[in-house]
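Colleague: Supplied in structure tokens, the structure appears directly below.
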Amino acid sequence: MKQHRMGYTRRKQLAGIAFITPWLIGCVYFLVIPLMKSLYYSFGKVKVVLGGLEWTPVGFDNYIRLFVQDEEALPNLVSSLGSMAMSLPVIVVFSLMIAMVLNRKFRGRTVVRVIFFLPVIIASSVALGLLESDSVSDMYLSGSMGGMSVQSTQLTNLLMNMGISEGIVTAISGFTSDIFSLAWKSGIQILLFLAGLQTIPPQTYEAAKIEGATAWQSFWKITVPQLTPITLLILVYTMIDSFTDYANPYIILLLETIRNINIGYASALAWVYFAVISIVLGAVFFLAREKKPVSEEVRR
């Protein structure tokens, strides 16, 4: 009986290895090897020659140029961090509010859910179409994508024809564009929050209500603690989405450098950006880690 159990366990292990092997091969070939090559390129000057690339070592010159000589790299990096810091809490709070509304029972709830998630599907389709276009780099580098921001031209023209002053029209158009952009970037976050809300037993809220807890107290004492793991996931996803946005000034600089076939310096830019993102994400995990009670630590 023991041998049969060990044989079954061994078969399960082999099945798991068989399933994960294609992913491991693809990860090594398409991720690890290019990653190591880019690190290698960042310490040299790379020229495109007949038959491949020619690498000439320059030491830390690319990194010195980035921190000392380049007048755009560090300001763009700071701008990217500032933009992420400003948009992160707005997107998280907005997504949680919409998810709580969509979690309630009302007529047409499914249609409303689809509407909020529709921008994600559209963005994916647009991205696939743009990847096949020869002008995609020009569009991104010129900033015409603008993080999927929408110019409400028809609304502006309508308000102007009604005789409303240009200042008020500009404010209204900017507000509607910001709202649309916010909803456009919150589709995945709303879906994740909605999934997390549906895992909270309704009996918990009923018991709290019986004990006299208000809706505000239930939100802070039940909803927020129960959504902590999902919130951490959403924070990480939103940060990475902001860092990799094509409207990000640092990404635009990186694309311009690649477009100019300055592979060595582009690799240095990419690795500095990777290091900064890793530090920021590490800080988020450290601050959001689950703190153990003092009594438990004393017992240990």
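For the structure tokens, the naming scheme is as follows: chains receive sequential letters (A, B, ...) according to their order of presentation, residues are indexed from 1 within each chain, and ligands are indexed from 1 in presentation order.
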Considering only C-alpha atoms, return as a PDB file with N, CA and C atoms, in the first residue's frame whatever protein or nucleic-acid residues lie within 9 Å of Val58 (chain A), sequence-local ones (same chain, fewer than 2 positions apart) excluded.
Modeller:
```pdb
ATOM      1  N   SER A  42      24.693  46.775 -21.729  1.00  0.00           N
ATOM      2  CA  SER A  42      24.701  48.052 -21.017  1.00  0.00           C
ATOM      3  C   SER A  42      26.111  48.496 -20.624  1.00  0.00           C
ATOM      4  N   PHE A  43      27.069  47.588 -20.643  1.00  0.00           N
ATOM      5  CA  PHE A  43      28.453  47.925 -20.307  1.00  0.00           C
ATOM      6  C   PHE A  43      29.317  48.078 -21.551  1.00  0.00           C
ATOM      7  N   GLY A  44      28.695  48.320 -22.672  1.00  0.00           N
ATOM      8  CA  GLY A  44      29.468  48.447 -23.908  1.00  0.00           C
ATOM      9  C   GLY A  44      28.771  49.328 -24.918  1.00  0.00           C
ATOM     10  N   LYS A  45      29.426  49.540 -26.019  1.00  0.00           N
ATOM     11  CA  LYS A  45      28.877  50.266 -27.155  1.00  0.00           C
ATOM     12  C   LYS A  45      28.553  49.248 -28.231  1.00  0.00           C
ATOM     13  N   THR A  56      31.602  46.677 -28.040  1.00  0.00           N
ATOM     14  CA  THR A  56      32.882  47.217 -27.598  1.00  0.00           C
ATOM     15  C   THR A  56      32.746  47.633 -26.143  1.00  0.00           C
ATOM     16  N   PHE A  60      31.498  51.567 -17.215  1.00  0.00           N
ATOM     17  CA  PHE A  60      30.293  52.199 -16.666  1.00  0.00           C
ATOM     18  C   PHE A  60      29.965  53.509 -17.375  1.00  0.00           C
ATOM     19  N   ASP A  61      30.489  53.722 -18.574  1.00  0.00           N
ATOM     20  CA  ASP A  61      30.279  54.992 -19.276  1.00  0.00           C
ATOM     21  C   ASP A  61      28.802  55.262 -19.550  1.00  0.00           C
ATOM     22  N   ASN A  62      28.053  54.213 -19.907  1.00  0.00           N
ATOM     23  CA  ASN A  62      26.627  54.410 -20.186  1.00  0.00           C
ATOM     24  C   ASN A  62      25.878  54.864 -18.939  1.00  0.00           C
TER      25      ASN A  62
END
```
Colleague: I'd like the contact shell of Ser95 (chain A) - 7 Å cut-off, only C-alpha atoms, skipping same-chain residues fewer than 3 positions apart - returned as a list in words.
Modeller: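 Contacts, in chain order: Ile91, Val92, Ile98, Ala99, Ser186, Gln189 and Ile190 of chain A.
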Colleague: Write the residues of the selection above to a file with C-alpha atoms, as a PDB file, in the first residue's frame.
Modeller:
```
ATOM      1  CA  ILE A  91      -7.259  54.548  -9.295  1.00  0.00           C
ATOM      2  CA  VAL A  92      -7.379  52.266  -6.228  1.00  0.00           C
ATOM      3  CA  ILE A  98     -17.171  51.172  -8.343  1.00  0.00           C
ATOM      4  CA  ALA A  99     -16.659  47.544  -7.265  1.00  0.00           C
ATOM      5  CA  SER A 186      -9.424  50.845 -13.729  1.00  0.00           C
ATOM      6  CA  GLN A 189      -8.727  46.706 -10.659  1.00  0.00           C
ATOM      7  CA  ILE A 190     -12.534  46.854 -10.503  1.00  0.00           C
TER       8      ILE A 190
END
```
Colleague: Closest to Leu194 (chain A) among A:Ile234, A:Val280, A:Val32, A:Ile222, using only C-alpha atoms?
Modeller: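 Under the stated criterion, the closest residue is A:Ile234.
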Colleague: Please report, as a PDB file with C-alpha atoms, in the first residue's frame, each residue of region 218-271 of chain A to which DSSP assigns helix (DSSP H, G or I) when run on this structure's backbone.
Modeller:
```pdb
ATOM      1  CA  SER A 218     -18.411  47.665   8.754  1.00  0.00           C
ATOM      2  CA  PHE A 219     -16.403  49.046   5.845  1.00  0.00           C
ATOM      3  CA  TRP A 220     -13.295  49.752   7.960  1.00  0.00           C
ATOM      4  CA  LYS A 221     -13.571  46.733  10.270  1.00  0.00           C
ATOM      5  CA  ILE A 222     -14.690  44.081   7.769  1.00  0.00           C
ATOM      6  CA  THR A 223     -14.309  45.125   4.137  1.00  0.00           C
ATOM      7  CA  VAL A 224     -10.877  46.745   4.257  1.00  0.00           C
ATOM      8  CA  PRO A 225      -9.135  43.972   6.301  1.00  0.00           C
ATOM      9  CA  GLN A 226     -10.693  41.239   4.166  1.00  0.00           C
ATOM     10  CA  THR A 228      -5.927  43.471   2.129  1.00  0.00           C
ATOM     11  CA  PRO A 229      -4.382  40.695  -0.064  1.00  0.00           C
ATOM     12  CA  ILE A 230      -6.382  41.817  -3.110  1.00  0.00           C
ATOM     13  CA  THR A 231      -5.450  45.445  -2.448  1.00  0.00           C
ATOM     14  CA  LEU A 232      -1.756  44.569  -2.400  1.00  0.00           C
ATOM     15  CA  LEU A 233      -2.148  42.754  -5.718  1.00  0.00           C
ATOM     16  CA  ILE A 234      -3.979  45.751  -7.187  1.00  0.00           C
ATOM     17  CA  LEU A 235      -1.309  48.147  -5.934  1.00  0.00           C
ATOM     18  CA  VAL A 236       1.429  46.114  -7.628  1.00  0.00           C
ATOM     19  CA  TYR A 237      -0.557  45.748 -10.862  1.00  0.00           C
ATOM     20  CA  THR A 238      -1.420  49.461 -11.002  1.00  0.00           C
ATOM     21  CA  MET A 239       2.183  50.499 -10.338  1.00  0.00           C
ATOM     22  CA  ILE A 240       3.546  48.220 -13.053  1.00  0.00           C
ATOM     23  CA  ASP A 241       0.833  49.377 -15.445  1.00  0.00           C
ATOM     24  CA  SER A 242       1.834  52.999 -14.771  1.00  0.00           C
ATOM     25  CA  PHE A 243       5.559  52.278 -15.128  1.00  0.00           C
ATOM     26  CA  PRO A 249       8.133  60.045 -20.296  1.00  0.00           C
ATOM     27  CA  TYR A 250      10.896  57.622 -19.335  1.00  0.00           C
ATOM     28  CA  ILE A 251       9.456  54.946 -21.629  1.00  0.00           C
ATOM     29  CA  ILE A 252       9.289  57.516 -24.425  1.00  0.00           C
ATOM     30  CA  LEU A 253      12.976  58.358 -23.861  1.00  0.00           C
ATOM     31  CA  LEU A 254      13.837  54.667 -23.886  1.00  0.00           C
ATOM     32  CA  LEU A 255      11.963  54.130 -27.138  1.00  0.00           C
ATOM     33  CA  GLU A 256      13.687  57.118 -28.703  1.00  0.00           C
ATOM     34  CA  THR A 257      17.078  55.697 -27.699  1.00  0.00           C
ATOM     35  CA  ILE A 258      16.253  52.314 -29.195  1.00  0.00           C
ATOM     36  CA  ARG A 259      14.943  53.983 -32.317  1.00  0.00           C
ATOM     37  CA  ILE A 263      21.458  49.739 -27.879  1.00  0.00           C
ATOM     38  CA  GLY A 264      24.115  50.002 -25.189  1.00  0.00           C
ATOM     39  CA  TYR A 265      22.730  53.193 -23.661  1.00  0.00           C
ATOM     40  CA  ALA A 266      19.153  51.947 -24.034  1.00  0.00           C
ATOM     41  CA  SER A 267      20.109  48.829 -22.073  1.00  0.00           C
ATOM     42  CA  ALA A 268      21.556  51.015 -19.309  1.00  0.00           C
ATOM     43  CA  LEU A 269      18.347  53.059 -19.222  1.00  0.00           C
ATOM     44  CA  ALA A 270      16.287  49.896 -19.002  1.00  0.00           C
ATOM     45  CA  TRP A 271      18.346  48.399 -16.162  1.00  0.00           C
TER      46      TRP A 271
END
```
Colleague: What are the DSSP strand (DSSP E) residues of region 7-53 of chain A, as a list in words?
Modeller: Gly44, Lys45, Val46, Lys47, Val48, Val49, Gly52 and Leu53 of chain A
Colleague: May I ask which of the residues A:Gln198, A:Ile115, A:Leu77, A:Glu206 is the closest one to Ala275 (chain A), counting only C-alpha atoms?
Modeller: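 Of A:Gln198, A:Ile115, A:Leu77, A:Glu206, the one nearest Ala275 (chain A) is A:Leu77, counting only C-alpha atoms.
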Colleague: CA of Leu281 (chain A) and CA of Ala85 (chain A), how far apart in Å?
Modeller: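 These atoms are spaced 12.3 Å apart.
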Colleague: Mind giving me the straight-line distance from CA of Leu102 (chain A) to CA of Leu192 (chain A) in Å, one decimal?
Modeller: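 Result for CA of Leu102 (chain A) versus CA of Leu192 (chain A): 12.0 Å, one decimal.
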